[in-house]
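Coordinates as given in input.cif (mmCIF, C-alpha atoms and all ligand atoms):
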data_input
loop_
_atom_site.group_PDB
_atom_site.id
_atom_site.type_symbol
_atom_site.label_atom_id
_atom_site.label_comp_id
_atom_site.auth_asym_id
_atom_site.auth_seq_id
_atom_site.Cartn_x
_atom_site.Cartn_y
_atom_site.Cartn_z
ATOM 1 C CA MET A 1 -2.168 137.911 60.373
ATOM 2 C CA ARG A 2 -2.166 134.272 61.429
ATOM 3 C CA ILE A 3 -4.304 132.909 64.241
ATOM 4 C CA GLY A 4 -2.060 131.793 67.093
ATOM 5 C CA VAL A 5 -2.845 128.589 68.968
ATOM 6 C CA PHE A 6 -1.026 127.966 72.225
ATOM 7 C CA ASP A 7 -0.754 124.870 74.366
ATOM 8 C CA SER A 8 1.636 123.701 77.050
ATOM 9 C CA GLY A 9 2.583 120.868 74.693
ATOM 10 C CA TYR A 10 1.042 118.419 72.264
ATOM 11 C CA GLY A 11 -2.492 118.291 73.619
ATOM 12 C CA GLY A 12 -3.591 121.463 71.854
ATOM 13 C CA LEU A 13 -3.134 119.630 68.569
ATOM 14 C CA THR A 14 -6.536 118.041 69.255
ATOM 15 C CA ILE A 15 -8.009 121.564 69.249
ATOM 16 C CA LEU A 16 -5.972 122.650 66.237
ATOM 17 C CA LYS A 17 -7.199 119.671 64.257
ATOM 18 C CA ALA A 18 -10.782 120.776 64.821
ATOM 19 C CA LEU A 19 -9.910 124.404 64.019
ATOM 20 C CA ARG A 20 -8.329 123.338 60.761
ATOM 21 C CA LYS A 21 -11.447 121.356 59.853
ATOM 22 C CA GLU A 22 -13.897 124.148 60.667
ATOM 23 C CA LEU A 23 -11.752 127.080 59.469
ATOM 24 C CA SER A 24 -9.709 125.454 56.717
ATOM 25 C CA GLU A 25 -8.975 128.647 54.765
ATOM 26 C CA TYR A 26 -7.271 130.446 57.683
ATOM 27 C CA ASP A 27 -3.546 130.407 58.532
ATOM 28 C CA PHE A 28 -2.524 129.177 61.986
ATOM 29 C CA LEU A 29 0.676 129.291 64.015
ATOM 30 C CA TYR A 30 0.799 126.661 66.762
ATOM 31 C CA LEU A 31 3.140 126.953 69.724
ATOM 32 C CA GLY A 32 3.727 124.083 72.135
ATOM 33 C CA ASP A 33 5.793 124.868 75.235
ATOM 34 C CA ASN A 34 6.877 121.227 75.460
ATOM 35 C CA ALA A 35 10.100 122.020 77.314
ATOM 36 C CA ARG A 36 8.095 123.271 80.314
ATOM 37 C CA ALA A 37 5.018 121.016 80.070
ATOM 38 C CA PRO A 38 3.027 119.871 81.904
ATOM 39 C CA TYR A 39 1.461 123.061 83.218
ATOM 40 C CA GLY A 40 -1.272 121.167 85.074
ATOM 41 C CA THR A 41 0.575 120.962 88.390
ATOM 42 C CA ARG A 42 2.185 124.418 88.269
ATOM 43 C CA SER A 43 1.202 127.422 90.400
ATOM 44 C CA PHE A 44 -0.921 130.328 89.173
ATOM 45 C CA ASP A 45 2.081 132.665 88.962
ATOM 46 C CA VAL A 46 4.147 130.256 86.905
ATOM 47 C CA VAL A 47 1.324 129.359 84.479
ATOM 48 C CA TYR A 48 0.618 133.079 84.047
ATOM 49 C CA GLU A 49 4.292 133.939 83.457
ATOM 50 C CA TYR A 50 4.810 131.126 80.923
ATOM 51 C CA THR A 51 1.537 131.790 79.118
ATOM 52 C CA LEU A 52 2.275 135.505 78.820
ATOM 53 C CA GLN A 53 5.684 134.709 77.331
ATOM 54 C CA ALA A 54 4.007 132.428 74.799
ATOM 55 C CA VAL A 55 1.374 135.037 73.936
ATOM 56 C CA LYS A 56 4.071 137.678 73.359
ATOM 57 C CA CYS A 57 6.069 135.238 71.234
ATOM 58 C CA LEU A 58 3.045 134.545 69.006
ATOM 59 C CA MET A 59 2.256 138.258 68.760
ATOM 60 C CA GLU A 60 5.832 139.034 67.709
ATOM 61 C CA ARG A 61 5.238 136.569 64.882
ATOM 62 C CA GLY A 62 2.143 138.342 63.657
ATOM 63 C CA CYS A 63 -0.670 136.671 65.608
ATOM 64 C CA ASP A 64 -3.009 139.394 66.841
ATOM 65 C CA LEU A 65 -5.646 136.789 67.642
ATOM 66 C CA ILE A 66 -4.611 133.919 69.893
ATOM 67 C CA VAL A 67 -6.512 130.916 71.222
ATOM 68 C CA LEU A 68 -5.208 129.449 74.465
ATOM 69 C CA ALA A 69 -6.010 125.832 73.615
ATOM 70 C CA CYS A 70 -4.697 124.764 77.020
ATOM 71 C CA ASN A 71 -7.351 124.504 79.732
ATOM 72 C CA THR A 72 -4.813 125.116 82.478
ATOM 73 C CA ALA A 73 -3.605 128.319 80.802
ATOM 74 C CA SER A 74 -7.198 129.379 80.052
ATOM 75 C CA ALA A 75 -8.174 128.750 83.664
ATOM 76 C CA LYS A 76 -5.179 130.328 85.344
ATOM 77 C CA ALA A 77 -3.772 132.988 83.024
ATOM 78 C CA LEU A 78 -6.387 134.175 80.532
ATOM 79 C CA ARG A 79 -8.235 136.623 82.731
ATOM 80 C CA SER A 80 -5.045 138.367 83.956
ATOM 81 C CA ILE A 81 -3.724 138.608 80.409
ATOM 82 C CA GLN A 82 -7.002 140.036 79.105
ATOM 83 C CA GLN A 83 -7.412 142.502 81.951
ATOM 84 C CA ASN A 84 -3.847 143.538 82.771
ATOM 85 C CA ASP A 85 -1.617 142.859 79.797
ATOM 86 C CA LEU A 86 -3.636 143.340 76.618
ATOM 87 C CA PRO A 87 -4.451 146.997 77.355
ATOM 88 C CA ILE A 88 -0.671 147.619 77.485
ATOM 89 C CA ILE A 89 0.401 145.263 74.679
ATOM 90 C CA GLY A 90 -2.191 146.595 72.222
ATOM 91 C CA SER A 91 -5.915 147.165 72.068
ATOM 92 C CA ASP A 92 -6.089 145.578 68.597
ATOM 93 C CA LYS A 93 -4.983 142.198 69.990
ATOM 94 C CA ARG A 94 -7.214 139.421 71.331
ATOM 95 C CA VAL A 95 -6.613 136.347 73.443
ATOM 96 C CA LEU A 96 -9.393 133.773 73.812
ATOM 97 C CA GLY A 97 -9.619 130.612 75.903
ATOM 98 C CA VAL A 98 -11.360 127.240 75.841
ATOM 99 C CA VAL A 99 -13.268 127.249 79.141
ATOM 100 C CA ARG A 100 -15.921 129.813 78.239
ATOM 101 C CA PRO A 101 -16.906 128.309 74.837
ATOM 102 C CA THR A 102 -17.239 124.898 76.495
ATOM 103 C CA VAL A 103 -19.345 126.221 79.335
ATOM 104 C CA GLU A 104 -21.650 128.013 76.874
ATOM 105 C CA VAL A 105 -22.825 124.733 75.311
ATOM 106 C CA ILE A 106 -23.096 122.570 78.452
ATOM 107 C CA ASP A 107 -26.574 123.810 79.227
ATOM 108 C CA GLN A 108 -27.991 122.262 76.049
ATOM 109 C CA TYR A 109 -26.596 118.792 76.791
ATOM 110 C CA THR A 110 -27.496 118.098 80.404
ATOM 111 C CA LYS A 111 -30.957 116.921 81.421
ATOM 112 C CA SER A 112 -30.089 115.875 84.975
ATOM 113 C CA ARG A 113 -28.383 119.299 85.524
ATOM 114 C CA LYS A 114 -25.405 117.445 87.040
ATOM 115 C CA VAL A 115 -22.175 117.808 85.115
ATOM 116 C CA GLY A 116 -18.749 116.262 85.591
ATOM 117 C CA ILE A 117 -15.504 117.973 84.570
ATOM 118 C CA LEU A 118 -12.344 115.916 84.117
ATOM 119 C CA ALA A 119 -9.263 118.142 84.113
ATOM 120 C CA THR A 120 -5.751 118.734 85.410
ATOM 121 C CA GLU A 121 -5.105 119.543 89.058
ATOM 122 C CA GLY A 122 -4.484 123.174 88.105
ATOM 123 C CA THR A 123 -7.741 123.597 86.230
ATOM 124 C CA VAL A 124 -9.696 121.958 89.044
ATOM 125 C CA ALA A 125 -7.941 124.075 91.697
ATOM 126 C CA SER A 126 -8.887 127.247 89.791
ATOM 127 C CA ARG A 127 -12.578 126.205 89.933
ATOM 128 C CA SER A 128 -12.960 128.007 86.588
ATOM 129 C CA TYR A 129 -15.561 125.578 85.278
ATOM 130 C CA SER A 130 -17.690 125.790 88.427
ATOM 131 C CA ILE A 131 -17.459 129.584 88.451
ATOM 132 C CA GLU A 132 -18.257 130.034 84.754
ATOM 133 C CA ILE A 133 -21.106 127.486 84.755
ATOM 134 C CA GLY A 134 -22.447 129.146 87.910
ATOM 135 C CA LYS A 135 -22.697 132.446 85.992
ATOM 136 C CA LEU A 136 -24.503 131.023 82.951
ATOM 137 C CA ALA A 137 -26.618 128.238 84.454
ATOM 138 C CA PRO A 138 -26.679 128.467 88.263
ATOM 139 C CA ASP A 139 -29.019 125.464 88.595
ATOM 140 C CA ILE A 140 -26.360 123.070 87.242
ATOM 141 C CA GLU A 141 -24.354 121.147 89.847
ATOM 142 C CA VAL A 142 -20.706 120.860 88.835
ATOM 143 C CA TYR A 143 -18.369 118.073 89.964
ATOM 144 C CA GLU A 144 -14.739 118.704 89.063
ATOM 145 C CA GLN A 145 -12.361 115.752 89.138
ATOM 146 C CA ALA A 146 -8.571 116.092 88.854
ATOM 147 C CA CYS A 147 -6.899 113.328 86.818
ATOM 148 C CA PRO A 148 -3.194 113.945 87.487
ATOM 149 C CA MET A 149 -1.920 110.687 85.975
ATOM 150 C CA TRP A 150 -3.569 111.023 82.571
ATOM 151 C CA VAL A 151 -1.333 113.659 80.962
ATOM 152 C CA PRO A 152 1.901 111.833 81.926
ATOM 153 C CA LEU A 153 0.463 108.535 80.613
ATOM 154 C CA ILE A 154 -0.472 110.176 77.309
ATOM 155 C CA GLU A 155 2.760 112.184 76.981
ATOM 156 C CA ASN A 156 4.782 109.016 77.563
ATOM 157 C CA ASN A 157 2.703 107.054 75.085
ATOM 158 C CA GLU A 158 1.624 104.601 77.809
ATOM 159 C CA TRP A 159 -2.083 105.295 77.437
ATOM 160 C CA SER A 160 -2.957 102.228 75.385
ATOM 161 C CA ASP A 161 -1.376 99.887 77.958
ATOM 162 C CA VAL A 162 -3.617 98.025 80.450
ATOM 163 C CA GLY A 163 -1.809 99.857 83.266
ATOM 164 C CA ALA A 164 -3.441 103.056 82.035
ATOM 165 C CA ASP A 165 -6.892 101.478 82.386
ATOM 166 C CA TYR A 166 -6.446 101.402 86.147
ATOM 167 C CA PHE A 167 -6.097 105.188 86.293
ATOM 168 C CA ILE A 168 -8.904 105.760 83.811
ATOM 169 C CA LYS A 169 -11.243 103.668 85.958
ATOM 170 C CA LYS A 170 -9.943 105.288 89.156
ATOM 171 C CA TYR A 171 -10.783 108.901 88.247
ATOM 172 C CA THR A 172 -14.030 108.168 86.409
ATOM 173 C CA SER A 173 -15.232 106.048 89.378
ATOM 174 C CA GLU A 174 -14.222 108.753 91.870
ATOM 175 C CA LEU A 175 -16.252 111.250 89.865
ATOM 176 C CA MET A 176 -19.356 109.064 89.561
ATOM 177 C CA MET A 177 -19.178 108.108 93.246
ATOM 178 C CA ARG A 178 -19.629 111.774 94.107
ATOM 179 C CA CYS A 179 -22.828 111.950 92.032
ATOM 180 C CA SER A 180 -24.357 109.040 90.139
ATOM 181 C CA ASP A 181 -26.800 111.344 88.254
ATOM 182 C CA ILE A 182 -24.118 113.049 86.179
ATOM 183 C CA ASP A 183 -25.192 112.812 82.529
ATOM 184 C CA ILE A 184 -22.448 114.901 80.864
ATOM 185 C CA VAL A 185 -18.722 114.586 81.398
ATOM 186 C CA VAL A 186 -16.537 117.304 79.885
ATOM 187 C CA LEU A 187 -12.993 116.477 78.829
ATOM 188 C CA GLY A 188 -11.535 119.684 80.272
ATOM 189 C CA CYS A 189 -7.982 119.011 79.172
ATOM 190 C CA THR A 190 -6.544 119.053 75.660
ATOM 191 C CA HIS A 191 -4.939 115.616 76.048
ATOM 192 C CA TYR A 192 -8.008 113.661 77.051
ATOM 193 C CA PRO A 193 -9.641 113.247 73.602
ATOM 194 C CA ILE A 194 -6.795 110.829 72.870
ATOM 195 C CA ILE A 195 -8.213 108.435 75.497
ATOM 196 C CA LYS A 196 -11.871 109.347 74.891
ATOM 197 C CA LYS A 197 -12.917 105.800 73.939
ATOM 198 C CA LYS A 198 -11.432 104.412 77.160
ATOM 199 C CA ILE A 199 -13.096 107.112 79.234
ATOM 200 C CA GLU A 200 -16.454 106.373 77.584
ATOM 201 C CA ASN A 201 -16.041 102.669 78.304
ATOM 202 C CA ALA A 202 -15.187 103.340 81.955
ATOM 203 C CA LEU A 203 -18.250 105.532 82.537
ATOM 204 C CA PRO A 204 -21.794 104.191 83.017
ATOM 205 C CA LYS A 205 -23.819 103.809 79.809
ATOM 206 C CA GLY A 206 -25.828 106.915 78.983
ATOM 207 C CA VAL A 207 -23.220 109.378 80.240
ATOM 208 C CA LYS A 208 -22.221 111.607 77.325
ATOM 209 C CA VAL A 209 -18.570 112.572 76.973
ATOM 210 C CA LEU A 210 -18.020 116.036 75.557
ATOM 211 C CA GLU A 211 -14.716 116.969 73.899
ATOM 212 C CA GLN A 212 -13.741 120.528 73.183
ATOM 213 C CA GLY A 213 -12.234 120.637 69.684
ATOM 214 C CA GLU A 214 -15.423 121.081 67.714
ATOM 215 C CA ILE A 215 -16.947 123.339 70.372
ATOM 216 C CA VAL A 216 -13.940 125.683 70.346
ATOM 217 C CA ALA A 217 -13.782 125.660 66.533
ATOM 218 C CA LYS A 218 -17.461 126.581 66.178
ATOM 219 C CA SER A 219 -17.087 129.264 68.824
ATOM 220 C CA LEU A 220 -14.067 130.776 67.028
ATOM 221 C CA LYS A 221 -15.947 130.732 63.717
ATOM 222 C CA ASP A 222 -18.810 132.549 65.369
ATOM 223 C CA TYR A 223 -16.373 135.024 66.976
ATOM 224 C CA LEU A 224 -14.837 135.809 63.578
ATOM 225 C CA MET A 225 -18.272 136.366 62.082
ATOM 226 C CA ARG A 226 -19.121 138.794 64.863
ATOM 227 C CA HIS A 227 -15.753 140.626 64.715
ATOM 228 C CA LYS A 228 -15.323 141.546 61.071
ATOM 229 C CA ASN A 229 -12.515 143.995 61.835
ATOM 230 C CA ILE A 230 -10.421 141.079 63.127
ATOM 231 C CA GLU A 231 -11.611 138.548 60.551
ATOM 232 C CA GLU A 232 -10.629 140.816 57.668
ATOM 233 C CA ARG A 233 -7.058 140.982 58.969
ATOM 234 C CA CYS A 234 -6.658 137.177 59.027
ATOM 235 C CA SER A 235 -4.581 135.693 56.215
ATOM 236 C CA LYS A 236 -6.252 132.852 54.346
ATOM 237 C CA ASN A 237 -3.869 130.476 52.610
ATOM 238 C CA GLY A 238 -4.836 127.365 54.583
ATOM 239 C CA LYS A 239 -1.304 127.133 56.033
ATOM 240 C CA ILE A 240 -0.224 125.950 59.492
ATOM 241 C CA GLU A 241 3.225 126.311 61.049
ATOM 242 C CA PHE A 242 4.424 124.763 64.290
ATOM 243 C CA LEU A 243 6.784 125.987 66.985
ATOM 244 C CA THR A 244 8.011 123.947 69.937
ATOM 245 C CA THR A 245 10.324 124.751 72.828
ATOM 246 C CA GLU A 246 11.550 121.119 72.929
ATOM 247 C CA SER A 247 13.026 118.761 70.362
ATOM 248 C CA GLU A 248 11.636 119.121 66.831
ATOM 249 C CA GLU A 249 11.888 115.367 66.307
ATOM 250 C CA LYS A 250 9.919 114.561 69.466
ATOM 251 C CA PHE A 251 7.202 116.989 68.444
ATOM 252 C CA ARG A 252 7.065 115.578 64.920
ATOM 253 C CA LYS A 253 6.589 112.037 66.271
ATOM 254 C CA ALA A 254 3.998 113.100 68.845
ATOM 255 C CA ALA A 255 1.929 114.945 66.229
ATOM 256 C CA LEU A 256 1.847 111.812 64.103
ATOM 257 C CA ASN A 257 1.031 109.592 67.096
ATOM 258 C CA PHE A 258 -1.596 111.820 68.684
ATOM 259 C CA VAL A 259 -3.518 113.289 65.789
ATOM 260 C CA GLY A 260 -2.037 111.746 62.637
ATOM 261 C CA MET A 261 -0.541 115.057 61.461
ATOM 262 C CA GLU A 262 2.702 115.079 59.449
ATOM 263 C CA ILE A 263 4.438 118.316 60.357
ATOM 264 C CA ASN A 264 7.825 120.069 60.386
ATOM 265 C CA PRO A 265 8.062 122.058 63.619
ATOM 266 C CA ILE A 266 10.706 124.687 64.379
ATOM 267 C CA LYS A 267 12.394 124.850 67.784
ATOM 268 C CA ILE A 268 12.378 128.202 69.568
ATOM 269 C CA ASN A 269 13.244 129.512 73.044
ATOM 270 C CA LEU A 270 10.731 131.486 75.060
HETATM 271 N N1 LIG B 301 -2.776 121.335 77.991
HETATM 272 C C1 LIG B 301 -3.101 121.100 79.354
HETATM 273 C C2 LIG B 301 -4.576 121.362 79.633
HETATM 274 O O1 LIG B 301 -5.388 121.387 78.752
HETATM 275 C C3 LIG B 301 -2.769 119.693 79.771
HETATM 276 C C4 LIG B 301 -1.308 119.421 79.818
HETATM 277 C C5 LIG B 301 -0.565 120.127 80.907
HETATM 278 O O2 LIG B 301 -0.782 119.834 82.091
HETATM 279 O O3 LIG B 301 0.260 120.948 80.543
HETATM 280 O O4 LIG B 301 -4.949 121.534 80.748
#
Rewrite the structure of this file - the entire thing - as structure tokens.
Ligand code: DGL
Amino acid sequence: MRIGVFDSGYGGLTILKALRKELSEYDFLYLGDNARAPYGTRSFDVVYEYTLQAVKCLMERGCDLIVLACNTASAKALRSIQQNDLPIIGSDKRVLGVVRPTVEVIDQYTKSRKVGILATEGTVASRSYSIEIGKLAPDIEVYEQACPMWVPLIENNEWSDVGADYFIKKYTSELMMRCSDIDIVVLGCTHYPIIKKKIENALPKGVKVLEQGEIVAKSLKDYLMRHKNIEERCSKNGKIEFLTTESEEKFRKAALNFVGMEINPIKINL
């Protein structure tokens, strides 16, 4: 059994990279739905439908444990899949997301108890971060900021251009204008670690920027330790395979550009 990792496109590679580092002996199967990305502006129903298709595709290929690396999918589809679909698909199967593990560590980082979340429009509209933080640490004030231009800039490889700086400044300033006491800013989208340095530079000094890769990897490691029945079923050859719904060549180039991975993806239809 391989561990499935799903993202709407390339962004989840930032999570996979951290998973590979933390859990190097495990086998992973990554699926990027590049043909239908971005998910960030899509409705709940569509994100749910697409994510469920991806989950079923990974399960058909032997992944009984799947991580939704995509924040938008975690925010909009995870709960429905866990509650409505998994009981029908199979009680031995698990789907995990990235919002909850992130929220679980926020408490230990913020002193001011004011936290900023930078994410896609879809994730912000779902209010998943506010809701989940509200459950674990109700005294924390959460400011969610949609950054709709960032994913297109990154996907089109325009992020290093000065034009991109305008949009980085725009959203970070909008966030800090709403509350100048924010001391932690969460990168609540898989793509954003690629522009982390620029985001850090645009924010006031002393504001810590939190990316999810390591957090999700540590959380998955902990999950596997606590669920021995699942851990024992995982194959451990240190292998990773990649599936994409778009061009193999485009995916190959993006993986090299984004996270320095040399890979040979296979194109599939969902
Ligand atoms: N992977 C998505 C996320 O983390 C960003 C890209 C998209 O909008 O599809 O929210």
Item to check | ligand LIG 301 (chain B) neighbours within 9 Å using all atoms listed in the file, as number ranges by chain | outcome: A: 6-12, 33-34, 36-42, 69-75, 98, 119-123, 148, 151-152, 155, 188-192
Would you list the contacts of segment 218-222 of chain A as an mmCIF file with C-alpha atoms, in the coordinates of the input, taking every protein, DNA or RNA residue within 9 Å and counting all atoms listed in the file, but skipping same-chain residues closer than 5 positions in sequence?
data_model
loop_
_atom_site.group_PDB
_atom_site.id
_atom_site.type_symbol
_atom_site.label_atom_id
_atom_site.label_comp_id
_atom_site.auth_asym_id
_atom_site.auth_seq_id
_atom_site.Cartn_x
_atom_site.Cartn_y
_atom_site.Cartn_z
ATOM 1 C CA ALA A 18 -10.782 120.776 64.821
ATOM 2 C CA LEU A 19 -9.910 124.404 64.019
ATOM 3 C CA GLU A 22 -13.897 124.148 60.667
ATOM 4 C CA LEU A 23 -11.752 127.080 59.469
ATOM 5 C CA VAL A 67 -6.512 130.916 71.222
ATOM 6 C CA LEU A 96 -9.393 133.773 73.812
ATOM 7 C CA PRO A 101 -16.906 128.309 74.837
ATOM 8 C CA THR A 102 -17.239 124.898 76.495
ATOM 9 C CA GLY A 213 -12.234 120.637 69.684
ATOM 10 C CA HIS A 227 -15.753 140.626 64.715
#
Next on the checklist: For the provided coordinates, the residues matched by the PyMOL selection byres (((chain A and resi 204) around 10) and not hetatm) should be stated as a PyMOL selection string.
Outcome noted: chain A and resi 172-173+176+180+182-183+199-203+205-208
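Coordinates place atom CA of Glu132 of chain A at a distance of 25.3 Å from atom CA of Ile194 of chain A.
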Apply the PyMOL selection byres (((chain A and resi 230) around 10) and not hetatm) to the displayed file and report the matching residues as an mmCIF file with C-alpha atoms, in the frame of the given file.
data_model
loop_
_atom_site.group_PDB
_atom_site.id
_atom_site.type_symbol
_atom_site.label_atom_id
_atom_site.label_comp_id
_atom_site.auth_asym_id
_atom_site.auth_seq_id
_atom_site.Cartn_x
_atom_site.Cartn_y
_atom_site.Cartn_z
ATOM 1 C CA MET A 1 -2.168 137.911 60.373
ATOM 2 C CA ASP A 64 -3.009 139.394 66.841
ATOM 3 C CA LEU A 65 -5.646 136.789 67.642
ATOM 4 C CA ASP A 92 -6.089 145.578 68.597
ATOM 5 C CA LYS A 93 -4.983 142.198 69.990
ATOM 6 C CA ARG A 94 -7.214 139.421 71.331
ATOM 7 C CA TYR A 223 -16.373 135.024 66.976
ATOM 8 C CA LEU A 224 -14.837 135.809 63.578
ATOM 9 C CA MET A 225 -18.272 136.366 62.082
ATOM 10 C CA ARG A 226 -19.121 138.794 64.863
ATOM 11 C CA HIS A 227 -15.753 140.626 64.715
ATOM 12 C CA LYS A 228 -15.323 141.546 61.071
ATOM 13 C CA ASN A 229 -12.515 143.995 61.835
ATOM 14 C CA GLU A 231 -11.611 138.548 60.551
ATOM 15 C CA GLU A 232 -10.629 140.816 57.668
ATOM 16 C CA ARG A 233 -7.058 140.982 58.969
ATOM 17 C CA CYS A 234 -6.658 137.177 59.027
#
Closest-contact table, segment 111-165 of chain A side, partner segment 242-256 of chain A, 12 Å, counting all atoms listed in the file, as JSON lines:
{"residue": "A:Ile154", "atom": "CA", "partner": "A:Ala254", "partner_atom": "CA", "distance": 10.0}
{"residue": "A:Glu155", "atom": "CA", "partner": "A:Ala254", "partner_atom": "CA", "distance": 8.3}
{"residue": "A:Asn156", "atom": "CA", "partner": "A:Ala254", "partner_atom": "CA", "distance": 9.7}
{"residue": "A:Asn157", "atom": "CA", "partner": "A:Ala254", "partner_atom": "CA", "distance": 8.8}
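Counting only C-alpha atoms, the residue from A:Val103, A:Met149, A:Val55, A:Ile3 that sits nearest to Ala137 of chain A is A:Val103.
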Next on the checklist: Just the number, please: distance in Å from atom CA of Tyr129 of chain A to atom CA of Arg100 of chain A, one decimal.
Outcome noted: 8.2 Å
Checklist entry - Using all atoms listed in the file, can you list as JSON, numbers by chain the residues within 8 Å of (-4.7, 132.5, 53.1)? => result {"A": [25, 26, 27, 234, 235, 236, 237, 238, 239]}
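Between atom CA of Gly4 of chain A and atom CA of Glu60 of chain A the interatomic distance comes to 10.7 Å.
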Next on the checklist: Which residue is closest to Gly116 of chain A? Choose from A:Val185, A:Met177, A:Trp150, A:Val99 and count all atoms listed in the file.
Outcome noted: A:Val185
